[in-house]
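Report on one structure; see the data block that follows.
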Amino acid sequence: MADDELEAIRRQRMSELQAKHGNGSNDQQGQQEAKQRDTEMRHSILAQVLDQAARGRLSNLAMVKPDKAQAVENYLIQMARYGKLAGKITESGLIEILEKVSQQTDKTTKVTFNRRRVMDSDDEEED
């Protein structure tokens, strides 16, 4: 992906944001349009970065775990913006990225039993 394309997208987005903040009317509609443009921009960047199989896997992940898919998309877009991607990412490359993101966001579950000693028949001594 060429740096010139990314820079053009950034400039376009910046001008749209500046135009949006200049207009005070229809704020909610402007927010919806900005959100839509943002998602379109994300999809176009991901289409340039990922091959067809990888895009399919990412969309399947988005259905099951949208927050994890969002993190992977952000990671891919950031790598594309900084020019760290050599070519299109294949499905196996996406799986490696998913494993990295999973390790970074791995949560451990801790279960604690809080037993109350009220009316416990074992504690009382019977005569």
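In the structure tokens, chains take the letters A, B, ... in the order shown, each chain's residues start at 1, and ligands count up from 1 in the order shown.
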Could you write out, as a ChimeraX atom specification, all the residues of chain A that DSSP marks as alpha helix (DSSP H)?
/A:3-22,27-49,52-64,66-81,91-104
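Nearest to Leu85 in chain A of all the residues A:Val118, A:Lys65, A:Lys100, A:Val49 is A:Val49, counting only C-alpha atoms.
The smallest atom-to-atom distance between Asp67 in chain A and any of A:Thr105, A:Gln48, A:Gln31, A:Ser92, using only C-alpha atoms, is found for A:Thr105.
Closest approach to Ala54 in chain A from the set A:Asp27, A:Glu73, A:Asp38, A:Asp3 is made by A:Glu73, with distances taken over only C-alpha atoms.
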Separating CA of Gln29 in chain A from CA of Ala62 in chain A, to the nearest tenth of an Å, is a gap of 25.9 Å
